[in-house]
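Listing of run_0.pdb, PDB, C-alpha atoms
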```pdb
ATOM      1  CA  ALA A   1      11.239  -4.618 -13.097
ATOM      2  CA  MET A   2      10.720  -3.095  -9.624
ATOM      3  CA  CYS A   3      12.057   0.253 -10.852
ATOM      4  CA  GLN A   4       9.773   0.231 -13.907
ATOM      5  CA  LYS A   5       6.698  -0.205 -11.667
ATOM      6  CA  ARG A   6       7.407   3.071  -9.824
ATOM      7  CA  VAL A   7       6.759   6.394 -11.490
ATOM      8  CA  ALA A   8       9.430   8.224  -9.462
ATOM      9  CA  CYS A   9      12.185   5.662 -10.167
ATOM     10  CA  ARG A  10      14.613   6.607 -12.930
ATOM     11  CA  ALA A  11      17.613   4.418 -12.139
ATOM     12  CA  TRP A  12      18.638   1.492  -9.940
ATOM     13  CA  VAL A  13      21.816   0.269  -8.219
ATOM     14  CA  PHE A  14      22.161  -3.405  -7.205
ATOM     15  CA  THR A  15      24.789  -4.602  -4.711
ATOM     16  CA  PRO A  16      24.814  -8.440  -4.788
ATOM     17  CA  ALA A  17      27.020  -8.818  -1.694
ATOM     18  CA  ALA A  18      25.543  -6.185   0.643
ATOM     19  CA  GLY A  19      25.863  -8.494   3.658
ATOM     20  CA  LEU A  20      22.190  -8.459   4.639
ATOM     21  CA  ALA A  21      20.905 -11.204   6.901
ATOM     22  CA  GLY A  22      18.397 -13.729   5.608
ATOM     23  CA  PRO A  23      17.731 -15.179   2.181
ATOM     24  CA  TRP A  24      18.567 -11.995   0.273
ATOM     25  CA  PRO A  25      22.134 -10.844   1.016
ATOM     26  CA  GLY A  26      21.956  -8.365  -1.870
ATOM     27  CA  ARG A  27      20.354  -4.904  -1.844
ATOM     28  CA  CYS A  28      18.726  -2.989  -4.701
ATOM     29  CA  ALA A  29      18.421   0.796  -4.287
ATOM     30  CA  LEU A  30      15.910   2.684  -6.448
ATOM     31  CA  ARG A  31      16.849   6.255  -7.415
ATOM     32  CA  GLY A  32      14.679   9.185  -8.454
ATOM     33  CA  GLY A  33      15.474  12.698  -9.691
ATOM     34  CA  GLY A  34      18.305  13.002 -12.188
ATOM     35  CA  VAL A  35      21.616  11.272 -12.705
ATOM     36  CA  VAL A  36      24.326  13.476 -11.165
ATOM     37  CA  LYS A  37      27.286  11.506 -12.455
ATOM     38  CA  LYS A  38      28.303   8.034 -13.538
ATOM     39  CA  THR A  39      31.278   6.252 -11.974
ATOM     40  CA  ARG A  40      32.598   2.701 -12.211
ATOM     41  CA  ALA A  41      32.373   0.802  -8.899
ATOM     42  CA  VAL A  42      33.431  -2.800  -8.308
ATOM     43  CA  GLY A  43      30.671  -4.966  -6.840
ATOM     44  CA  HIS A  44      27.786  -2.777  -8.005
ATOM     45  CA  ILE A  45      25.442  -3.044 -11.004
ATOM     46  CA  SER A  46      23.297  -0.114 -12.149
ATOM     47  CA  GLY A  47      21.038   0.956 -14.966
ATOM     48  CA  PHE A  48      18.144   3.140 -16.056
ATOM     49  CA  ALA A  49      14.501   2.233 -15.591
ATOM     50  CA  SER A  50      14.147   2.203 -19.366
ATOM     51  CA  HIS A  51      15.782   3.445 -22.569
ATOM     52  CA  THR A  52      13.338   6.354 -22.415
ATOM     53  CA  GLU A  53      14.785   7.505 -19.071
ATOM     54  CA  GLU A  54      18.328   7.355 -20.470
ATOM     55  CA  ALA A  55      17.318   9.351 -23.532
ATOM     56  CA  GLN A  56      15.567  11.917 -21.328
ATOM     57  CA  ASP A  57      18.695  12.305 -19.201
ATOM     58  CA  LEU A  58      20.828  12.918 -22.299
ATOM     59  CA  GLN A  59      18.298  15.453 -23.613
ATOM     60  CA  GLU A  60      18.385  17.385 -20.320
ATOM     61  CA  ARG A  61      22.184  17.518 -20.525
ATOM     62  CA  LYS A  62      21.991  18.920 -24.067
ATOM     63  CA  GLU A  63      19.397  21.559 -23.111
ATOM     64  CA  LEU A  64      21.459  22.782 -20.154
ATOM     65  CA  THR A  65      24.633  22.871 -22.263
ATOM     66  CA  GLU A  66      22.836  24.970 -24.900
ATOM     67  CA  LEU A  67      21.477  27.357 -22.230
ATOM     68  CA  LEU A  68      24.961  27.994 -20.828
ATOM     69  CA  ARG A  69      26.481  28.301 -24.323
ATOM     70  CA  ARG A  70      23.968  30.972 -25.330
ATOM     71  CA  GLY A  71      24.666  32.865 -22.122
ATOM     72  CA  GLN A  72      28.407  32.939 -22.882
ATOM     73  CA  HIS A  73      27.829  33.900 -26.528
ATOM     74  CA  TRP A  74      25.623  36.895 -25.673
ATOM     75  CA  GLY A  75      27.930  38.105 -22.891
ATOM     76  CA  ALA A  76      25.474  37.542 -20.039
ATOM     77  CA  GLU A  77      26.528  39.281 -16.854
ATOM     78  CA  LEU A  78      23.748  38.367 -14.437
ATOM     79  CA  VAL A  79      21.072  35.706 -14.222
ATOM     80  CA  SER A  80      18.398  36.319 -11.595
ATOM     81  CA  ILE A  81      17.302  32.940 -10.184
ATOM     82  CA  THR A  82      14.049  32.196  -8.338
ATOM     83  CA  THR A  83      13.515  28.520  -9.341
ATOM     84  CA  THR A  84      10.975  25.849  -8.210
ATOM     85  CA  LEU A  85      12.641  22.544  -7.435
ATOM     86  CA  PRO A  86      10.962  19.221  -6.688
ATOM     87  CA  THR A  87      10.916  18.148  -3.033
ATOM     88  CA  ASN A  88      14.461  17.457  -1.800
ATOM     89  CA  PRO A  89      14.473  15.474   1.495
ATOM     90  CA  ASP A  90      18.039  16.584   2.240
ATOM     91  CA  SER A  91      17.284  20.286   1.850
ATOM     92  CA  ALA A  92      16.555  22.530   4.799
ATOM     93  CA  ALA A  93      16.455  25.986   3.223
ATOM     94  CA  THR A  94      14.953  28.028   0.377
ATOM     95  CA  THR A  95      17.399  29.018  -2.356
ATOM     96  CA  THR A  96      17.094  32.394  -4.052
ATOM     97  CA  GLY A  97      19.687  34.736  -5.443
ATOM     98  CA  SER A  98      21.684  35.621  -8.531
ATOM     99  CA  LEU A  99      24.126  33.704 -10.678
ATOM    100  CA  ASP A 100      26.787  34.894 -13.101
ATOM    101  CA  LEU A 101      25.874  32.629 -16.013
ATOM    102  CA  ALA A 102      29.157  32.963 -17.872
ATOM    103  CA  ALA A 103      31.165  32.332 -14.676
ATOM    104  CA  ALA A 104      28.956  29.409 -13.739
ATOM    105  CA  SER A 105      29.414  27.905 -17.174
ATOM    106  CA  SER A 106      33.205  28.125 -17.090
ATOM    107  CA  LYS A 107      33.379  26.944 -13.481
ATOM    108  CA  ASN A 108      30.866  24.113 -13.532
ATOM    109  CA  ARG A 109      31.043  23.004 -17.176
ATOM    110  CA  VAL A 110      27.532  21.609 -16.833
ATOM    111  CA  GLY A 111      28.791  19.614 -13.867
ATOM    112  CA  PRO A 112      26.713  17.723 -11.302
ATOM    113  CA  LYS A 113      26.929  20.544  -8.757
ATOM    114  CA  SER A 114      25.327  23.204 -10.940
ATOM    115  CA  LEU A 115      21.930  24.245  -9.561
ATOM    116  CA  ALA A 116      19.920  23.465 -12.677
ATOM    117  CA  TYR A 117      21.534  20.127 -13.423
ATOM    118  CA  HIS A 118      21.485  18.776  -9.865
ATOM    119  CA  TRP A 119      17.699  18.495 -10.302
ATOM    120  CA  PRO A 120      17.220  17.736 -14.026
ATOM    121  CA  SER A 121      13.492  17.262 -13.464
ATOM    122  CA  LEU A 122      13.329  21.021 -12.726
ATOM    123  CA  THR A 123      10.486  22.784 -14.504
ATOM    124  CA  VAL A 124      11.956  26.015 -15.894
ATOM    125  CA  ALA A 125       9.876  28.905 -17.217
ATOM    126  CA  THR A 126      12.370  31.042 -19.151
ATOM    127  CA  THR A 127      11.959  34.531 -20.606
ATOM    128  CA  ILE A 128      14.836  35.727 -22.783
ATOM    129  CA  THR A 129      15.135  39.430 -23.585
ATOM    130  CA  THR A 130      17.956  40.394 -25.956
ATOM    131  CA  THR A 131      19.162  43.931 -26.581
ATOM    132  CA  ARG A 132      22.405  43.748 -28.523
ATOM    133  CA  THR A 133      24.560  41.544 -26.241
ATOM    134  CA  VAL A 134      22.404  41.402 -23.097
ATOM    135  CA  PHE A 135      20.871  38.066 -22.030
ATOM    136  CA  THR A 136      18.514  37.825 -19.038
ATOM    137  CA  THR A 137      16.792  34.742 -17.655
ATOM    138  CA  SER A 138      14.198  34.715 -14.862
ATOM    139  CA  THR A 139      13.185  31.513 -13.134
ATOM    140  CA  ALA A 140      11.215  30.899  -9.929
ATOM    141  CA  VAL A 141      12.666  28.517  -7.207
ATOM    142  CA  THR A 142      11.040  27.129  -4.029
ATOM    143  CA  THR A 143      12.063  24.171  -1.897
ATOM    144  CA  SER A 144      10.353  22.359   0.956
ATOM    145  CA  THR A 145      11.883  21.258   4.237
ATOM    146  CA  THR A 146      11.645  17.687   5.521
ATOM    147  CA  THR A 147      12.502  16.967   9.165
ATOM    148  CA  LEU A 148      13.584  13.398   9.918
ATOM    149  CA  GLY A 149      12.386  11.664  13.058
ATOM    150  CA  VAL A 150      14.593   9.732  15.457
ATOM    151  CA  VAL A 151      16.284   6.589  14.174
ATOM    152  CA  LEU A 152      14.368   3.422  15.099
ATOM    153  CA  ASN A 153      16.244   0.789  17.087
ATOM    154  CA  SER A 154      15.420  -2.761  18.055
ATOM    155  CA  GLY A 155      13.171  -2.687  21.122
ATOM    156  CA  ASP A 156      11.576   0.700  20.395
ATOM    157  CA  VAL A 157       7.849   1.112  21.022
ATOM    158  CA  VAL A 158       5.982   2.349  17.932
ATOM    159  CA  ASN A 159       2.505   3.111  16.634
ATOM    160  CA  VAL A 160       1.798   1.862  13.103
ATOM    161  CA  LYS A 161      -0.357   4.029  10.815
ATOM    162  CA  SER A 162      -1.715   3.417   7.321
ATOM    163  CA  ALA A 163      -1.667   5.929   4.451
ATOM    164  CA  SER A 164      -5.356   6.667   5.113
ATOM    165  CA  GLY A 165      -4.500   7.776   8.676
ATOM    166  CA  GLU A 166      -5.875   4.703  10.465
ATOM    167  CA  TRP A 167      -3.890   3.084  13.273
ATOM    168  CA  LEU A 168      -3.164  -0.641  13.442
ATOM    169  CA  THR A 169      -4.642  -2.239  16.559
ATOM    170  CA  THR A 170      -5.357  -5.725  17.893
ATOM    171  CA  PHE A 171      -8.475  -7.369  19.374
ATOM    172  CA  GLY A 172      -7.479 -10.775  20.683
ATOM    173  CA  GLU A 173      -6.006 -12.555  17.668
ATOM    174  CA  ALA A 174      -7.596 -10.148  15.158
ATOM    175  CA  VAL A 175      -5.612  -7.285  13.635
ATOM    176  CA  SER A 176      -7.514  -4.327  12.178
ATOM    177  CA  THR A 177      -7.473  -0.516  12.269
ATOM    178  CA  GLY A 178      -8.989   2.044  14.611
ATOM    179  CA  ARG A 179      -8.801   5.667  15.695
ATOM    180  CA  SER A 180      -6.697   4.866  18.768
ATOM    181  CA  PRO A 181      -3.221   3.409  18.113
ATOM    182  CA  ALA A 182      -1.983   0.197  19.653
ATOM    183  CA  GLN A 183       1.605   0.102  20.813
ATOM    184  CA  PHE A 184       3.971  -2.410  19.222
ATOM    185  CA  VAL A 185       7.543  -3.310  20.092
ATOM    186  CA  VAL A 186       9.645  -3.507  16.936
ATOM    187  CA  GLU A 187      12.402  -6.115  17.234
ATOM    188  CA  LYS A 188      15.319  -6.602  14.863
ATOM    189  CA  LEU A 189      15.874 -10.266  13.963
ATOM    190  CA  LYS A 190      18.900 -12.308  12.989
ATOM    191  CA  VAL A 191      17.494 -15.180  10.957
ATOM    192  CA  THR A 192      19.239 -18.299   9.653
ATOM    193  CA  GLY A 193      17.574 -20.388   6.972
ATOM    194  CA  ILE A 194      17.808 -22.002   3.568
ATOM    195  CA  LEU A 195      16.094 -21.504   0.223
ATOM    196  CA  ALA A 196      14.607 -24.874  -0.771
ATOM    197  CA  SER A 197      12.609 -25.356  -4.005
ATOM    198  CA  GLY A 198      12.132 -21.604  -4.272
ATOM    199  CA  HIS A 199      10.727 -21.315  -0.729
ATOM    200  CA  TRP A 200      12.424 -19.788   2.314
ATOM    201  CA  LYS A 201      12.738 -22.186   5.248
ATOM    202  CA  GLU A 202      13.672 -20.595   8.560
ATOM    203  CA  ILE A 203      15.995 -22.653  10.772
ATOM    204  CA  ALA A 204      16.888 -20.311  13.653
ATOM    205  CA  CYS A 205      15.964 -16.797  14.760
ATOM    206  CA  GLU A 206      17.142 -14.476  17.542
ATOM    207  CA  VAL A 207      16.399 -10.885  18.569
ATOM    208  CA  VAL A 208      19.399  -8.571  18.207
ATOM    209  CA  GLN A 209      20.133  -4.962  19.124
ATOM    210  CA  GLY A 210      20.954  -2.096  16.791
ATOM    211  CA  VAL A 211      19.560   0.396  14.289
ATOM    212  CA  ILE A 212      16.855  -0.886  11.928
ATOM    213  CA  HIS A 213      17.765  -0.613   8.238
ATOM    214  CA  SER A 214      15.770  -1.123   5.075
ATOM    215  CA  GLY A 215      15.946  -4.741   3.924
ATOM    216  CA  GLU A 216      16.372  -6.193   7.413
ATOM    217  CA  MET A 217      14.018  -8.618   9.163
ATOM    218  CA  VAL A 218      11.885  -7.479  12.104
ATOM    219  CA  SER A 219       8.891  -8.568  14.162
ATOM    220  CA  LEU A 220       6.116  -6.526  15.817
ATOM    221  CA  ARG A 221       4.970  -7.511  19.309
ATOM    222  CA  GLY A 222       1.526  -6.198  20.251
ATOM    223  CA  PRO A 223       0.069  -4.998  23.584
ATOM    224  CA  SER A 224      -1.023  -8.522  24.571
ATOM    225  CA  GLY A 225       2.515  -9.841  24.088
ATOM    226  CA  ARG A 226       1.564 -11.659  20.880
ATOM    227  CA  TYR A 227       3.404 -11.048  17.616
ATOM    228  CA  LEU A 228       1.849 -10.037  14.309
ATOM    229  CA  ASP A 229       1.935 -13.028  11.963
ATOM    230  CA  VAL A 230       1.020 -13.499   8.307
ATOM    231  CA  GLU A 231      -0.303 -16.718   6.813
ATOM    232  CA  HIS A 232      -1.614 -16.723   3.239
ATOM    233  CA  ASP A 233      -3.242 -13.259   3.033
ATOM    234  CA  LEU A 234      -4.370 -13.105   6.687
ATOM    235  CA  VAL A 235      -2.652 -10.851   9.241
ATOM    236  CA  ARG A 236      -3.250 -11.903  12.846
ATOM    237  CA  ALA A 237      -1.623 -11.915  16.300
ATOM    238  CA  ARG A 238      -1.797 -15.511  17.509
ATOM    239  CA  TRP A 239       1.342 -16.446  19.441
ATOM    240  CA  ASP A 240       3.538 -14.956  22.180
ATOM    241  CA  HIS A 241       6.583 -16.942  20.986
ATOM    242  CA  HIS A 242       8.440 -16.617  17.700
ATOM    243  CA  THR A 243       7.346 -18.502  14.584
ATOM    244  CA  PRO A 244       8.489 -18.070  10.940
ATOM    245  CA  GLN A 245       5.121 -16.466  10.076
ATOM    246  CA  GLN A 246       6.081 -13.463  12.241
ATOM    247  CA  THR A 247       9.257 -12.575  10.331
ATOM    248  CA  LEU A 248       8.741  -9.367   8.333
ATOM    249  CA  VAL A 249      11.134  -7.644   5.920
ATOM    250  CA  VAL A 250      10.991  -3.841   6.296
ATOM    251  CA  GLN A 251      11.625  -1.722   3.191
ATOM    252  CA  GLY A 252      11.798   2.063   2.950
ATOM    253  CA  GLY A 253      13.169   4.722   5.261
ATOM    254  CA  HIS A 254      15.696   7.444   4.464
ATOM    255  CA  ASN A 255      19.145   6.536   3.113
ATOM    256  CA  LEU A 256      18.453   2.877   4.000
ATOM    257  CA  THR A 257      17.850   3.763   7.680
ATOM    258  CA  VAL A 258      14.338   3.671   9.163
ATOM    259  CA  HIS A 259      13.300   6.761  11.152
ATOM    260  CA  SER A 260      10.183   7.527  13.136
ATOM    261  CA  GLY A 261       7.592   8.809  10.655
ATOM    262  CA  ASP A 262       9.230   7.275   7.565
ATOM    263  CA  ARG A 263       7.065   5.586   4.917
ATOM    264  CA  VAL A 264       7.819   1.858   4.964
ATOM    265  CA  PHE A 265       6.513  -1.410   3.541
ATOM    266  CA  LEU A 266       6.326  -4.713   5.434
ATOM    267  CA  MET A 267       6.774  -7.954   3.495
ATOM    268  CA  PRO A 268       6.385 -11.347   5.219
ATOM    269  CA  ALA A 269       9.444 -13.534   4.621
ATOM    270  CA  LEU A 270       7.233 -16.531   3.792
ATOM    271  CA  ASN A 271       4.478 -14.743   1.847
ATOM    272  CA  LYS A 272       6.280 -12.140  -0.341
ATOM    273  CA  ASN A 273       3.037 -10.105  -0.440
ATOM    274  CA  PHE A 274       3.229  -6.724   1.266
ATOM    275  CA  VAL A 275       0.934  -5.968   4.214
ATOM    276  CA  ASP A 276      -1.932  -3.731   3.041
ATOM    277  CA  VAL A 277      -4.743  -1.820   4.758
ATOM    278  CA  GLU A 278      -8.146  -1.245   3.130
ATOM    279  CA  GLY A 279     -11.549  -0.593   4.674
ATOM    280  CA  GLY A 280     -10.312  -1.292   8.187
ATOM    281  CA  ALA A 281      -8.997  -4.749   7.220
ATOM    282  CA  VAL A 282      -5.300  -5.606   7.470
ATOM    283  CA  ARG A 283      -4.157  -8.243   4.971
ATOM    284  CA  ALA A 284      -1.235  -9.246   2.720
ATOM    285  CA  ARG A 285      -2.661  -9.712  -0.767
ATOM    286  CA  TRP A 286      -0.295  -8.402  -3.438
ATOM    287  CA  ASN A 287       3.408  -8.159  -4.182
ATOM    288  CA  ILE A 288       3.253  -4.447  -5.005
ATOM    289  CA  GLN A 289       4.118  -1.229  -3.179
ATOM    290  CA  GLY A 290       1.128   1.077  -3.594
ATOM    291  CA  ASP A 291      -0.889   3.464  -1.432
ATOM    292  CA  LEU A 292      -2.624   0.570   0.337
ATOM    293  CA  GLN A 293       0.748  -0.874   1.370
ATOM    294  CA  VAL A 294       2.237   2.363   2.764
ATOM    295  CA  LEU A 295       2.758   2.236   6.542
ATOM    296  CA  THR A 296       4.322   4.671   8.989
ATOM    297  CA  MET A 297       6.004   3.618  12.237
ATOM    298  CA  GLU A 298       6.059   6.438  14.789
ATOM    299  CA  THR A 299       7.728   6.231  18.177
ATOM    300  CA  ALA A 300       5.253   6.046  21.091
ATOM    301  CA  SER A 301       5.805   8.096  24.239
ATOM    302  CA  VAL A 302       4.505   5.504  26.723
ATOM    303  CA  MET A 303       3.920   1.783  26.812
ATOM    304  CA  PRO A 304       1.510   1.018  29.680
ATOM    305  CA  SER A 305       0.159  -2.299  28.385
ATOM    306  CA  ILE A 306       3.248  -4.003  26.929
ATOM    307  CA  ARG A 307       4.232  -7.223  28.650
ATOM    308  CA  VAL A 308       7.955  -7.969  28.255
ATOM    309  CA  LEU A 309       8.692 -11.614  27.502
ATOM    310  CA  ASP A 310      11.895 -13.564  27.781
ATOM    311  CA  ASN A 311      13.396 -14.641  24.455
TER     312      ASN A 311
END
```
Using structure tokens, write down the structure that the file contains.
Amino acid sequence: AMCQKRVACRAWVFTPAAGLAGPWPGRCALRGGGVVKKTRAVGHISGFASHTEEAQDLQERKELTELLRRGQHWGAELVSITTTLPTNPDSAATTTGSLDLAAASSKNRVGPKSLAYHWPSLTVATTITTTRTVFTTSTAVTTSTTTLGVVLNSGDVVNVKSASGEWLTTFGEAVSTGRSPAQFVVEKLKVTGILASGHWKEIACEVVQGVIHSGEMVSLRGPSGRYLDVEHDLVRARWDHHTPQQTLVVQGGHNLTVHSGDRVFLMPALNKNFVDVEGGAVRARWNIQGDLQVLTMETASVMPSIRVLDN
């Protein structure tokens, strides 16, 4: 259901025993782009977002197979490639060049590493000119470069920004947005609790060290030393000691690791509604991941007003 709500999601992989702390030891990874290959793995469950996505994937395989078959049949010697790919966060270069279509077909056999099939969502504008046994295809290709920020660790000082470019800040117990960012200390939590009558009940909590991953529990300590807490749909900063209302589940990042500048979502462990920002107000109203719920945590260079408290 989560995959079907997101336009970019085409498949999902669920690991029931991922070893995550808290009430949800399992992890569900949502995948976009195209399916490179399918393998059987013990302890993992996967599927398409819908039957339509599966049918689309099969159709793309057939179209690519037909393209390579026609190239072999007409004795193609050279395919000039300038193709436009969708944004690839792992890419750091622009790909242009030429490809021997017949050689590529025999070598790759429409495999997952072929350029066209690695991104099945590729939009291809193809012009085919045939003179006896000559086959020529021209396609335009551009890629964008994404630079990852530093990995966030427990204890790092961050500024939190909404999708609209407003910074989260605090005024006493109130939490809102402003043009100047407030500095928060992000702390990784190890939480022990039970699930009673469908509700999570926290028993013990401690701050731990280490890299922050998607799906883990964290807390945000503001400049006054008080932690962000969520009760019902209200987001405030009321206490300088830990309470269950301050436990937040972070989701997002890159390859399940949260970096500075990554788009993330914060879900209170007790509320299950994601923190959202609209019109300067910071609340937690809906269990969806939309533009209002997108947040960015960026490392801050200085922390003049943070007061360090003993755990």
#### Entry: Among the residues A:Ala174, A:Ala41, A:Met217, A:Val264, the one that comes closest to A:Trp239 [using only C-alpha atoms]
A:Ala174
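Here the question is which of A:Phe184, A:Trp24, A:Phe48, A:Trp12 gets nearest to A:Ser219 using all atoms listed in the file, and that residue is A:Phe184.
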### Message
If we count all atoms listed in the file and set the cut-off at 7 Å, which residues sit around A:Gln293, ignoring sequence neighbours fewer than 5 positions away in its own chain? Please answer as a PyMOL selection string.
### Response
chain A and resi 265+274-277
### Task
Would you kindly return, as a ChimeraX atom specification, each protein, DNA or RNA residue with an atom no farther than 8 Å from any atom of A:Ala204, considering all atoms listed in the file and excluding same-chain residues fewer than 2 positions away?
/A:191-193,202,206
### Task
Dig up all the protein and nucleic acid residues within 12 Å of (18.9, -16.0, 12.3) in the file frame, using only C-alpha atoms, and format them as a PyMOL selection string.
chain A and resi 20-23+188-194+201-208+216-218+242+244+247
Selection to disk with C-alpha atoms, as a compact mmCIF listing (two decimals), in the coordinates of the input:
```txt
# COMPACT_ATOMS: atom_id res chain seq x y z
CA LEU A 20 22.19 -8.46 4.64
CA ALA A 21 20.90 -11.20 6.90
CA GLY A 22 18.40 -13.73 5.61
CA PRO A 23 17.73 -15.18 2.18
CA LYS A 188 15.32 -6.60 14.86
CA LEU A 189 15.87 -10.27 13.96
CA LYS A 190 18.90 -12.31 12.99
CA VAL A 191 17.49 -15.18 10.96
CA THR A 192 19.24 -18.30 9.65
CA GLY A 193 17.57 -20.39 6.97
CA ILE A 194 17.81 -22.00 3.57
CA LYS A 201 12.74 -22.19 5.25
CA GLU A 202 13.67 -20.60 8.56
CA ILE A 203 16.00 -22.65 10.77
CA ALA A 204 16.89 -20.31 13.65
CA CYS A 205 15.96 -16.80 14.76
CA GLU A 206 17.14 -14.48 17.54
CA VAL A 207 16.40 -10.88 18.57
CA VAL A 208 19.40 -8.57 18.21
CA GLU A 216 16.37 -6.19 7.41
CA MET A 217 14.02 -8.62 9.16
CA VAL A 218 11.88 -7.48 12.10
CA HIS A 242 8.44 -16.62 17.70
CA PRO A 244 8.49 -18.07 10.94
CA THR A 247 9.26 -12.58 10.33
```
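Going from atom CA of A:Gln245 to atom CA of A:Asn159 covers 20.8 Å.
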### Message
Counting all atoms listed in the file, I want the residues whose atoms come within 7 Å of (5.2, 2.9, 13.0) in the file frame, returned as JSON, numbers by chain.
### Response
{"A": [158, 159, 160, 161, 260, 261, 295, 296, 297, 298, 299]}
### Query
Restricting the calculation to only C-alpha atoms, which member of A:Leu270, A:Ile288, A:Ala281, A:Ile212 is positioned closest to A:Trp200?
A:Leu270
Chain and number of each residue from the PyMOL selection byres ((chain A and resi 235-237) around 9), as a PDB file with C-alpha atoms, keeping the file's coordinate frame:
```pdb
ATOM      1  CA  THR A 170      -5.357  -5.725  17.893  1.00  0.00           C
ATOM      2  CA  PHE A 171      -8.475  -7.369  19.374  1.00  0.00           C
ATOM      3  CA  GLY A 172      -7.479 -10.775  20.683  1.00  0.00           C
ATOM      4  CA  GLU A 173      -6.006 -12.555  17.668  1.00  0.00           C
ATOM      5  CA  ALA A 174      -7.596 -10.148  15.158  1.00  0.00           C
ATOM      6  CA  VAL A 175      -5.612  -7.285  13.635  1.00  0.00           C
ATOM      7  CA  SER A 176      -7.514  -4.327  12.178  1.00  0.00           C
ATOM      8  CA  ARG A 221       4.970  -7.511  19.309  1.00  0.00           C
ATOM      9  CA  GLY A 222       1.526  -6.198  20.251  1.00  0.00           C
ATOM     10  CA  SER A 224      -1.023  -8.522  24.571  1.00  0.00           C
ATOM     11  CA  ARG A 226       1.564 -11.659  20.880  1.00  0.00           C
ATOM     12  CA  TYR A 227       3.404 -11.048  17.616  1.00  0.00           C
ATOM     13  CA  LEU A 228       1.849 -10.037  14.309  1.00  0.00           C
ATOM     14  CA  ASP A 229       1.935 -13.028  11.963  1.00  0.00           C
ATOM     15  CA  VAL A 230       1.020 -13.499   8.307  1.00  0.00           C
ATOM     16  CA  GLU A 231      -0.303 -16.718   6.813  1.00  0.00           C
ATOM     17  CA  HIS A 232      -1.614 -16.723   3.239  1.00  0.00           C
ATOM     18  CA  ASP A 233      -3.242 -13.259   3.033  1.00  0.00           C
ATOM     19  CA  LEU A 234      -4.370 -13.105   6.687  1.00  0.00           C
ATOM     20  CA  ARG A 238      -1.797 -15.511  17.509  1.00  0.00           C
ATOM     21  CA  TRP A 239       1.342 -16.446  19.441  1.00  0.00           C
ATOM     22  CA  ASP A 240       3.538 -14.956  22.180  1.00  0.00           C
ATOM     23  CA  GLN A 246       6.081 -13.463  12.241  1.00  0.00           C
ATOM     24  CA  VAL A 275       0.934  -5.968   4.214  1.00  0.00           C
ATOM     25  CA  VAL A 282      -5.300  -5.606   7.470  1.00  0.00           C
ATOM     26  CA  ARG A 283      -4.157  -8.243   4.971  1.00  0.00           C
ATOM     27  CA  ALA A 284      -1.235  -9.246   2.720  1.00  0.00           C
TER      28      ALA A 284
END
```
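Pairwise distance (atom CA of A:Arg285, atom CA of A:Arg27) equals 23.5 Å.
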### Length of the atom CA of A:Ser162 to atom CA of A:Gly225 vector [Å]
21.8 Å
